[in-house]
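Working notes, beginning with the structure itself.
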Amino acid sequence: MNDHRLGTGLRFWLITLSLLIAWGGRGYGRQLRAGLAVTGLSDAILWGLYIGNFTFLVGLAASVVILLFLAHILRRPGMEGVLLLGEAVAVTAVTLSLLFVFVDLGQPLRFWHALPLLGSLNFPRSIMAWDLVVLVLYLLASVLFGLRLSKNDRRSSGQAIGLWIGLLLILGLSIHTVTAFLLAAQPARPLWHDAMLAPHFLVSAFASGAGFLLLLLALLERLRLFTRLDRVIDDLGGVLRASLLTDLFLLAVDCFVLFYRPTEATRAARWLYLMPDNFFTAWIGVAWGAIVTALLLLLLPGRRRPVLLLAAALCCVGVWMEKGLGLVVPGFVPTPLGEIAGYLPSSTEIQVATGIWAMGATLLTFLVRAITRTVHAGYTAGQNTTAINTEDR
Amino acid sequence: MTPLRSSPPATHPPEASLPPETPADPRRRRLLQGGAAGLLLAAGGGVLAATGDREALTDSLETLLQKHYRRMTPDEVAAALARIERRARRDHDANIMCRNTPPLPEVAFGFALNLSRCKGTRRCVTACVHENNCGRAGTLQNIRVLEMEAGRVDLTAADPYYHPEQVPAPGKGYLPVQCQQCDDPPCVQACPVQATWKEPDGMVVIDYDWCIGCRYCAVACPYAARHFNWGEPWLPREAITPETHYLGNRPRSAGVMEKCTFCLQRTRQGLLPACQEACPTGARIFGNLLDPESEIRTVLKQQRVFRLKEDLQTSPRFWYVMDGP
């Protein structure tokens with residue numbers, strides 16, 4: 001870190017994040033004192049912004065398996081540094097998703113009731129218990145795998161690495177599948193009660209994950225912390241294109257079944273897609289608009305980097321909107337007794353959510369910093385690292 | 001009959017359901033709220049000790065650390081009941097008696113409700129709120145009466161916020177909904193920490209001191225029968241029903257779920273549920289399903305009955321009755 005300009009920038013970035021975290025902490029303090037009454041939630045709309053962010057982040061964490069796939073199934077060379085970054089993203093995203101569940105609890109200090117031995121985790125009956133188990137396992141596995149990769153240990157056998165990759169692939173797919181099951185398991189909520197939800201979740205997760213990783217890698221290349229990323233960025237662009245196409249296809253399939261003949265789920269779908277004065281109709285319109293635009297940009301002839309990055313950003317925003325509030329809230333409409341209720345996140349919810357995202361950005365910043373140093377050290381020591389740190393100018 | 005007004009729609013601004021601060025001692029109230037006491041131990045235990053409120057602090061901590069109800073020894077249950085009584089004295093200035101009466105042997109409770117008789121007075125709702133010590137500032141009601149076109153049962157076209165000059169309104173019918181005490185309850189399956197379960201006498205209950213407030217049980221409930229304490233329930237002393245049960249009507253705190261328990265604090269002692277006692281039209285029939293001589297058995301045998309959302313196979317212990325044509 002001998003680049004002075006970066007040092008100032010980094011300091012400014014971290015100070016900004018700290019302020020946001022403090023602001024979020026203030027909001028959470030308010031929520032602790034007054035209860036979840038300070039949110040926009042109600043007995044009708046039971047989950048909102050917090051759980052919406054949770055579903056998105058679990059998807060982001062799961063999407064890191066794309067990199068594992070590229071590196072070890074397609075055997076793309078020179079992926080070690082990028083894999084490390086991927087694990088950093090996975091660790092950050094899972095941590096944030098758990099934080100979002102935590103702030104959603106009415107009795108947060110009782111979280112220990114879900115711990116093994118101490119508490120009484122309802123495993124294997126409750127899907128929420130399953131989700132907690134796979135999330136914690138994925139977090140642990142990602143941390144351990146990341147540490148192992150960062151040692152640049154050339155003695156580690158191919159077989160051991162193969163086992164790790166298999167484990168992470170299965171856990172990565174599991175976390176998002178089980179999160180989809182969390183919603184799909186409930187016949188009381190017809191819009192979610194659909195086997196399609198899990199595959200749709202994975203596809204949109206790959207889209208947002210490829211988009212996010214693309215943006216991150218492009219940023220690190222711009223900051224000259226990583227080089228020779230063209231190949232992986234191209235690959236991620238391909239993943240992005242394929243997942244967006246599939247995502248839209250699945251949406252179309254979904255809409256066909258929802259609207260061809262009216263069912264109970266159709267009431268929720270009409271409320272979501274077809275109510276001109278409903279905030280969520282506008283919300284989902286913007287979300288799918290962003291996703292379609294991203295796909296169109298990717299289908300343009302010529303592979304220009306700025307276009308790719310714009311598409312990646314639109315995709316991240318679109319999927320966050322669609323799979324966050326755009327999925328969680330309509331599931332509660334109408335209530336099981338037929339009532340149509342509304343929801344908007346309160347200022348406290350927005351404040352707390354911002355604080356958590358800022359915590360994530362901070363964590364990711366430190367992890368990336370540590371990784372670039374490791375990779376750089378590996379290079380100067382003459383070891384086999386291919387994502388080369390070029391700070392040594 | 002003049003109908004009682006239902007609570008406003010759930011879309012009200014969230015602040016509206018915040019309990020008003022008790023003028024007497026707002027600071028102490030706030031300190032006790034929810035699990036915040038645990039955080040305060042680290043932050044300001046000394047401050048608390050200085051104010052002489054040791055009892056509140058130790059009680060809050062012990063409640064936070066207490067075991068699951070079904071894992072407690074008799075001594076631990078007794079201590080928990082005493083804490084509940086002390087807390088009611090501190091928070092509500094009320095002397096309550098909290099018991100843990102076990103289920104009666106050879107008893108399985110069930111409910112039948114005659115829709116031909118229900119006139120939509122909502123007396124059951126008021127009686128339920130009073131008997132079960134529900135917070136008075138919010139909109140939490142464990143019975144919801146739906147108004148619909150007479151002769152039809154269509155939940156998608158129901159209005160829970162009806163308020164005509166008189167009930168029954170012409171051409172309208174009424175359908176009260178509360179916990180259906182399912183034989184295969186989705187809520188119990190959903191709870192990640194086993195804070196809710198089905199008792200041997202059929203009542204689905206909650207350990208309010210074990211619930212973490214994730215609300216997944218309410219997500220799973222097909223009858224919208226579970227209600228969350230979004231803020232600290234506001235419960236003035238004169239409103240409190242002092243005879244309480246650990247799994248029933250004892251005062252709740254913010255951040256936990258609650259529901260209808262067929263008034264187990266009453267029914268386990270041979271009394272009728274408050275809703276049935278309050279019903280002016282005799283629409284409600286509560287009883288022991290295992291007793292072949294009971295009224296409910298006769299009704300189930302002889303009249304046209306149905307259950308809500310049979311297709312979901314939750315198998316409710318709550319039947320709706322229609323008189324013959």
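For the structure tokens, the naming scheme is as follows: chains receive sequential letters (A, B, ...) according to their order of presentation, residues are indexed from 1 within each chain, and ligands are indexed from 1 in presentation order.
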Kindly assemble as JSON lines a list of the range 59-133 of chain B residues that lie within 8 Å of range 267-272 of chain B, each paired with its nearest atom pair and their distance in Å to one decimal, using only C-alpha atoms, sorted first by chain and then by ascending residue number.
```
{"residue": "B:Thr101", "atom": "CA", "partner": "B:Arg268", "partner_atom": "CA", "distance": 7.0}
{"residue": "B:Pro102", "atom": "CA", "partner": "B:Arg268", "partner_atom": "CA", "distance": 7.6}
{"residue": "B:Pro103", "atom": "CA", "partner": "B:Arg268", "partner_atom": "CA", "distance": 6.4}
{"residue": "B:Leu104", "atom": "CA", "partner": "B:Arg268", "partner_atom": "CA", "distance": 6.4}
```
Let's have the selection written as a PDB file, in the first residue's frame, with C-alpha atoms.
```pdb
ATOM      1  CA  THR B 101     -52.405 -25.884  35.265  1.00  0.00           C
ATOM      2  CA  PRO B 102     -51.643 -29.006  33.225  1.00  0.00           C
ATOM      3  CA  PRO B 103     -54.003 -30.435  30.598  1.00  0.00           C
ATOM      4  CA  LEU B 104     -56.887 -32.453  31.995  1.00  0.00           C
TER       5      LEU B 104
END
```
For Ile285 in chain B, list every protein, DNA or RNA residue within 9 Å, evaluated using only C-alpha atoms, and leave out those in the same chain fewer than 2 positions away; present the list as a list in words.
->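 The residues that qualify are Gly110, Phe111, Ala112, Leu113, Asn114, Gln276, Gly282, Ala283, Gly287, Glu295, Ile296 and Val299 of chain B.
Atom pair CA of Arg90 in chain B / CA of Trp234 in chain B has a distance of 13.5 Å (rounded to one decimal).
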DSSP alpha helix (DSSP H) residues within range 109-201 of chain B, listed as a list in words =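 Residues meeting the alpha helix (DSSP H) criterion: Arg123, Cys124, Val125, Thr126, Ala127, Cys128, Val129, His130, Glu131, Pro186, Cys187, Val188, Gln189 and Ala190 of chain B.
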Atoms to include: C-alpha atoms. Write the selected residues as a short mmCIF file (atom, residue, chain, number, x, y, z; two decimals), in the first residue's frame.
```
data_model
loop_
_atom_site.label_atom_id
_atom_site.label_comp_id
_atom_site.auth_asym_id
_atom_site.auth_seq_id
_atom_site.Cartn_x
_atom_site.Cartn_y
_atom_site.Cartn_z
CA ARG B 123 -68.85 -9.37 21.73
CA CYS B 124 -66.52 -12.38 21.51
CA VAL B 125 -63.69 -10.11 20.33
CA THR B 126 -64.08 -7.70 23.24
CA ALA B 127 -64.37 -10.48 25.79
CA CYS B 128 -61.30 -12.19 24.32
CA VAL B 129 -59.16 -9.07 24.45
CA HIS B 130 -60.18 -8.50 28.06
CA GLU B 131 -59.82 -12.07 29.28
CA PRO B 186 -48.06 -25.66 10.12
CA CYS B 187 -47.00 -23.08 12.73
CA VAL B 188 -45.55 -25.71 15.05
CA GLN B 189 -43.62 -27.24 12.17
CA ALA B 190 -42.32 -23.82 11.12
#
```
Neighbour list for range 363-372 of chain A as a PyMOL selection string, cut-off 9 Å, only C-alpha atoms, skip fewer than 3 positions in-chain | chain A and resi 10+14+81+84-85+88-89+91-92+150+225-226+358-360+375-377+388-389
Which polymer residues have any atom within 9 Å of an atom of range 334-349 of chain A, counting only C-alpha atoms, with same-chain residues fewer than 6 positions away left out, as a count of residues only?
-> 40
Tell me, in Å to one decimal, how far CA of Arg83 in chain B is from CA of Asn132 in chain B.
-> 18.7 Å
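Each of B:Val321, B:Cys279, B:Val205, B:Leu64 was compared to chain A using only C-alpha atoms, and B:Leu64 turns out to be the nearest.
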So which residues of range 110-244 of chain B fall under strand (DSSP E or B) by DSSP, listed as a VMD selection string?
-> chain B and resid 110 to 114 144 to 149 159 172 to 177 196 to 198 204 to 206 227 to 228 243 to 244
Of B:Asp53, B:Asp184, B:Glu62, B:Glu232, the one nearest to Glu76 in chain B when counting only C-alpha atoms is B:Glu62
Shell of 12 Å around Ala79 in chain B, only C-alpha atoms, local chain residues under 2 positions omitted, as a PDB file with N, CA and C atoms, in the first residue's frame:
```pdb
ATOM      1  N   ASP B  59     -34.550 -10.140  37.566  1.00  0.00           N
ATOM      2  CA  ASP B  59     -35.679 -10.838  36.962  1.00  0.00           C
ATOM      3  C   ASP B  59     -35.541 -10.897  35.445  1.00  0.00           C
ATOM      4  N   GLU B  62     -32.784 -13.351  34.558  1.00  0.00           N
ATOM      5  CA  GLU B  62     -33.173 -14.746  34.777  1.00  0.00           C
ATOM      6  C   GLU B  62     -34.187 -15.206  33.747  1.00  0.00           C
ATOM      7  N   THR B  63     -35.090 -14.287  33.351  1.00  0.00           N
ATOM      8  CA  THR B  63     -36.046 -14.643  32.300  1.00  0.00           C
ATOM      9  C   THR B  63     -35.309 -14.892  30.993  1.00  0.00           C
ATOM     10  N   GLN B  66     -33.670 -18.272  31.213  1.00  0.00           N
ATOM     11  CA  GLN B  66     -34.425 -19.450  31.649  1.00  0.00           C
ATOM     12  C   GLN B  66     -34.572 -20.463  30.521  1.00  0.00           C
ATOM     13  N   LYS B  67     -34.881 -21.725  30.921  1.00  0.00           N
ATOM     14  CA  LYS B  67     -34.964 -22.810  29.936  1.00  0.00           C
ATOM     15  C   LYS B  67     -36.309 -22.800  29.215  1.00  0.00           C
ATOM     16  N   TYR B  69     -39.895 -24.003  28.478  1.00  0.00           N
ATOM     17  CA  TYR B  69     -40.905 -24.384  29.471  1.00  0.00           C
ATOM     18  C   TYR B  69     -40.946 -25.879  29.707  1.00  0.00           C
ATOM     19  N   MET B  72     -38.125 -27.296  31.975  1.00  0.00           N
ATOM     20  CA  MET B  72     -37.925 -26.779  33.335  1.00  0.00           C
ATOM     21  C   MET B  72     -38.290 -27.823  34.388  1.00  0.00           C
ATOM     22  N   THR B  73     -37.588 -27.794  35.498  1.00  0.00           N
ATOM     23  CA  THR B  73     -37.984 -28.590  36.654  1.00  0.00           C
ATOM     24  C   THR B  73     -39.150 -27.870  37.333  1.00  0.00           C
ATOM     25  N   PRO B  74     -39.895 -28.561  38.205  1.00  0.00           N
ATOM     26  CA  PRO B  74     -40.998 -27.888  38.913  1.00  0.00           C
ATOM     27  C   PRO B  74     -40.529 -26.631  39.651  1.00  0.00           C
ATOM     28  N   ASP B  75     -39.343 -26.689  40.247  1.00  0.00           N
ATOM     29  CA  ASP B  75     -38.829 -25.511  40.950  1.00  0.00           C
ATOM     30  C   ASP B  75     -38.600 -24.346  39.993  1.00  0.00           C
ATOM     31  N   GLU B  76     -38.045 -24.677  38.817  1.00  0.00           N
ATOM     32  CA  GLU B  76     -37.778 -23.608  37.847  1.00  0.00           C
ATOM     33  C   GLU B  76     -39.078 -23.014  37.327  1.00  0.00           C
ATOM     34  N   VAL B  77     -40.095 -23.852  37.165  1.00  0.00           N
ATOM     35  CA  VAL B  77     -41.398 -23.328  36.746  1.00  0.00           C
ATOM     36  C   VAL B  77     -41.935 -22.378  37.814  1.00  0.00           C
ATOM     37  N   LEU B  81     -42.935 -18.502  37.312  1.00  0.00           N
ATOM     38  CA  LEU B  81     -44.257 -17.953  37.596  1.00  0.00           C
ATOM     39  C   LEU B  81     -44.150 -16.761  38.550  1.00  0.00           C
ATOM     40  N   ALA B  82     -43.269 -16.891  39.551  1.00  0.00           N
ATOM     41  CA  ALA B  82     -43.093 -15.784  40.501  1.00  0.00           C
ATOM     42  C   ALA B  82     -42.540 -14.546  39.797  1.00  0.00           C
ATOM     43  N   ARG B  83     -41.618 -14.772  38.861  1.00  0.00           N
ATOM     44  CA  ARG B  83     -41.068 -13.632  38.105  1.00  0.00           C
ATOM     45  C   ARG B  83     -42.165 -12.936  37.310  1.00  0.00           C
ATOM     46  N   ILE B  84     -43.053 -13.744  36.712  1.00  0.00           N
ATOM     47  CA  ILE B  84     -44.149 -13.165  35.919  1.00  0.00           C
ATOM     48  C   ILE B  84     -45.039 -12.295  36.813  1.00  0.00           C
ATOM     49  N   GLU B  85     -45.313 -12.808  38.007  1.00  0.00           N
ATOM     50  CA  GLU B  85     -46.170 -12.037  38.923  1.00  0.00           C
ATOM     51  C   GLU B  85     -45.487 -10.745  39.375  1.00  0.00           C
ATOM     52  N   ARG B  86     -44.184 -10.839  39.680  1.00  0.00           N
ATOM     53  CA  ARG B  86     -43.447  -9.626  40.094  1.00  0.00           C
ATOM     54  C   ARG B  86     -43.410  -8.608  38.966  1.00  0.00           C
ATOM     55  N   CYS B  98     -50.266 -16.250  38.494  1.00  0.00           N
ATOM     56  CA  CYS B  98     -49.935 -17.004  37.286  1.00  0.00           C
ATOM     57  C   CYS B  98     -49.759 -18.475  37.635  1.00  0.00           C
ATOM     58  N   ARG B  99     -50.490 -19.346  36.935  1.00  0.00           N
ATOM     59  CA  ARG B  99     -50.424 -20.792  37.194  1.00  0.00           C
ATOM     60  C   ARG B  99     -49.882 -21.528  35.981  1.00  0.00           C
ATOM     61  N   ASN B 100     -49.693 -22.823  36.175  1.00  0.00           N
ATOM     62  CA  ASN B 100     -49.332 -23.661  35.021  1.00  0.00           C
ATOM     63  C   ASN B 100     -50.185 -24.922  35.030  1.00  0.00           C
ATOM     64  N   TYR B 246     -49.325 -19.581  32.477  1.00  0.00           N
ATOM     65  CA  TYR B 246     -48.039 -19.392  31.816  1.00  0.00           C
ATOM     66  C   TYR B 246     -48.170 -19.486  30.295  1.00  0.00           C
TER      67      TYR B 246
END
```
Surrounding residues of Val133 in chain A excluding itself and chain neighbours under 3 positions, 12 Å, only C-alpha atoms, as a list in words |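 These residues fall inside the cut-off: Val94, Leu98, Ala114, Leu115, Pro116, Leu121, Asn122, Phe123, Pro124, Ser126, Ile127, Met128, Ala129, Trp130, Val136, Leu137, Tyr138, Leu139, Leu140, Leu171, Ser174, Ile175, Val178 and Thr179 of chain A; Pro192 of chain B.
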Written selection (N, CA and C atoms) as a PDB file, in the first residue's frame:
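Result file is again.pdb:
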```pdb
ATOM      1  N   VAL A  94     -22.831 -13.964   3.393  1.00  0.00           N
ATOM      2  CA  VAL A  94     -23.501 -14.813   4.397  1.00  0.00           C
ATOM      3  C   VAL A  94     -23.572 -14.077   5.734  1.00  0.00           C
ATOM      4  N   LEU A  98     -27.076 -13.194   7.730  1.00  0.00           N
ATOM      5  CA  LEU A  98     -27.378 -13.564   9.115  1.00  0.00           C
ATOM      6  C   LEU A  98     -27.696 -12.320   9.950  1.00  0.00           C
ATOM      7  N   ALA A 114     -31.548 -20.888  19.328  1.00  0.00           N
ATOM      8  CA  ALA A 114     -31.344 -21.634  18.079  1.00  0.00           C
ATOM      9  C   ALA A 114     -29.999 -22.357  18.064  1.00  0.00           C
ATOM     10  N   LEU A 115     -29.216 -22.211  19.136  1.00  0.00           N
ATOM     11  CA  LEU A 115     -27.900 -22.851  19.136  1.00  0.00           C
ATOM     12  C   LEU A 115     -28.016 -24.316  19.537  1.00  0.00           C
ATOM     13  N   PRO A 116     -27.146 -25.157  18.981  1.00  0.00           N
ATOM     14  CA  PRO A 116     -27.169 -26.556  19.389  1.00  0.00           C
ATOM     15  C   PRO A 116     -26.811 -26.693  20.875  1.00  0.00           C
ATOM     16  N   LEU A 121     -33.090 -26.020  18.712  1.00  0.00           N
ATOM     17  CA  LEU A 121     -33.290 -25.839  17.280  1.00  0.00           C
ATOM     18  C   LEU A 121     -34.259 -26.905  16.762  1.00  0.00           C
ATOM     19  N   ASN A 122     -35.288 -26.459  16.042  1.00  0.00           N
ATOM     20  CA  ASN A 122     -36.313 -27.376  15.547  1.00  0.00           C
ATOM     21  C   ASN A 122     -35.839 -28.032  14.249  1.00  0.00           C
ATOM     22  N   PHE A 123     -34.750 -28.777  14.364  1.00  0.00           N
ATOM     23  CA  PHE A 123     -34.165 -29.459  13.216  1.00  0.00           C
ATOM     24  C   PHE A 123     -34.503 -30.940  13.324  1.00  0.00           C
ATOM     25  N   PRO A 124     -34.958 -31.624  12.298  1.00  0.00           N
ATOM     26  CA  PRO A 124     -35.062 -31.154  10.906  1.00  0.00           C
ATOM     27  C   PRO A 124     -36.449 -30.682  10.490  1.00  0.00           C
ATOM     28  N   SER A 126     -38.247 -27.760  10.989  1.00  0.00           N
ATOM     29  CA  SER A 126     -38.441 -26.383  10.532  1.00  0.00           C
ATOM     30  C   SER A 126     -37.459 -26.040   9.414  1.00  0.00           C
ATOM     31  N   ILE A 127     -38.000 -25.492   8.322  1.00  0.00           N
ATOM     32  CA  ILE A 127     -37.122 -25.108   7.212  1.00  0.00           C
ATOM     33  C   ILE A 127     -36.224 -23.948   7.632  1.00  0.00           C
ATOM     34  N   MET A 128     -36.702 -23.121   8.551  1.00  0.00           N
ATOM     35  CA  MET A 128     -35.838 -22.025   8.992  1.00  0.00           C
ATOM     36  C   MET A 128     -34.621 -22.581   9.742  1.00  0.00           C
ATOM     37  N   ALA A 129     -34.829 -23.661  10.493  1.00  0.00           N
ATOM     38  CA  ALA A 129     -33.700 -24.304  11.159  1.00  0.00           C
ATOM     39  C   ALA A 129     -32.714 -24.846  10.115  1.00  0.00           C
ATOM     40  N   TRP A 130     -33.235 -25.472   9.067  1.00  0.00           N
ATOM     41  CA  TRP A 130     -32.379 -25.955   7.973  1.00  0.00           C
ATOM     42  C   TRP A 130     -31.563 -24.815   7.383  1.00  0.00           C
ATOM     43  N   VAL A 136     -24.716 -21.385   8.223  1.00  0.00           N
ATOM     44  CA  VAL A 136     -23.545 -21.389   9.109  1.00  0.00           C
ATOM     45  C   VAL A 136     -22.464 -22.330   8.552  1.00  0.00           C
ATOM     46  N   LEU A 137     -22.890 -23.487   8.038  1.00  0.00           N
ATOM     47  CA  LEU A 137     -21.905 -24.414   7.463  1.00  0.00           C
ATOM     48  C   LEU A 137     -21.195 -23.786   6.264  1.00  0.00           C
ATOM     49  N   TYR A 138     -21.958 -23.108   5.418  1.00  0.00           N
ATOM     50  CA  TYR A 138     -21.361 -22.481   4.240  1.00  0.00           C
ATOM     51  C   TYR A 138     -20.383 -21.389   4.651  1.00  0.00           C
ATOM     52  N   LEU A 139     -20.774 -20.634   5.688  1.00  0.00           N
ATOM     53  CA  LEU A 139     -19.879 -19.580   6.186  1.00  0.00           C
ATOM     54  C   LEU A 139     -18.567 -20.193   6.663  1.00  0.00           C
ATOM     55  N   LEU A 140     -18.663 -21.242   7.471  1.00  0.00           N
ATOM     56  CA  LEU A 140     -17.455 -21.887   7.996  1.00  0.00           C
ATOM     57  C   LEU A 140     -16.606 -22.450   6.855  1.00  0.00           C
ATOM     58  N   LEU A 171     -22.894 -26.927  -0.798  1.00  0.00           N
ATOM     59  CA  LEU A 171     -23.401 -25.994   0.216  1.00  0.00           C
ATOM     60  C   LEU A 171     -23.911 -24.710  -0.420  1.00  0.00           C
ATOM     61  N   SER A 174     -27.110 -25.341  -1.837  1.00  0.00           N
ATOM     62  CA  SER A 174     -28.064 -25.630  -0.756  1.00  0.00           C
ATOM     63  C   SER A 174     -28.592 -24.355  -0.109  1.00  0.00           C
ATOM     64  N   ILE A 175     -27.709 -23.416   0.182  1.00  0.00           N
ATOM     65  CA  ILE A 175     -28.191 -22.261   0.946  1.00  0.00           C
ATOM     66  C   ILE A 175     -29.317 -21.556   0.202  1.00  0.00           C
ATOM     67  N   VAL A 178     -32.536 -23.878  -0.018  1.00  0.00           N
ATOM     68  CA  VAL A 178     -33.271 -23.941   1.246  1.00  0.00           C
ATOM     69  C   VAL A 178     -33.947 -22.603   1.538  1.00  0.00           C
ATOM     70  N   THR A 179     -33.300 -21.496   1.166  1.00  0.00           N
ATOM     71  CA  THR A 179     -33.943 -20.200   1.367  1.00  0.00           C
ATOM     72  C   THR A 179     -35.206 -20.095   0.517  1.00  0.00           C
TER      73      THR A 179
ATOM     74  N   PRO B 192     -38.577 -22.208  14.356  1.00  0.00           N
ATOM     75  CA  PRO B 192     -37.206 -22.712  14.346  1.00  0.00           C
ATOM     76  C   PRO B 192     -36.684 -23.132  15.712  1.00  0.00           C
TER      77      PRO B 192
END
```
Within 12 Å of Leu118 in chain A using only C-alpha atoms, minus same-chain residues under 6 positions, as an MDAnalysis selection string | (chainID A and resid 110:112) or (chainID B and resid 65:68 71 193)
Determine the nearest neighbour of chain B from the options A:Val286, A:Ala90, A:Val101, A:Ile66, counting only C-alpha atoms.
-> A:Val101
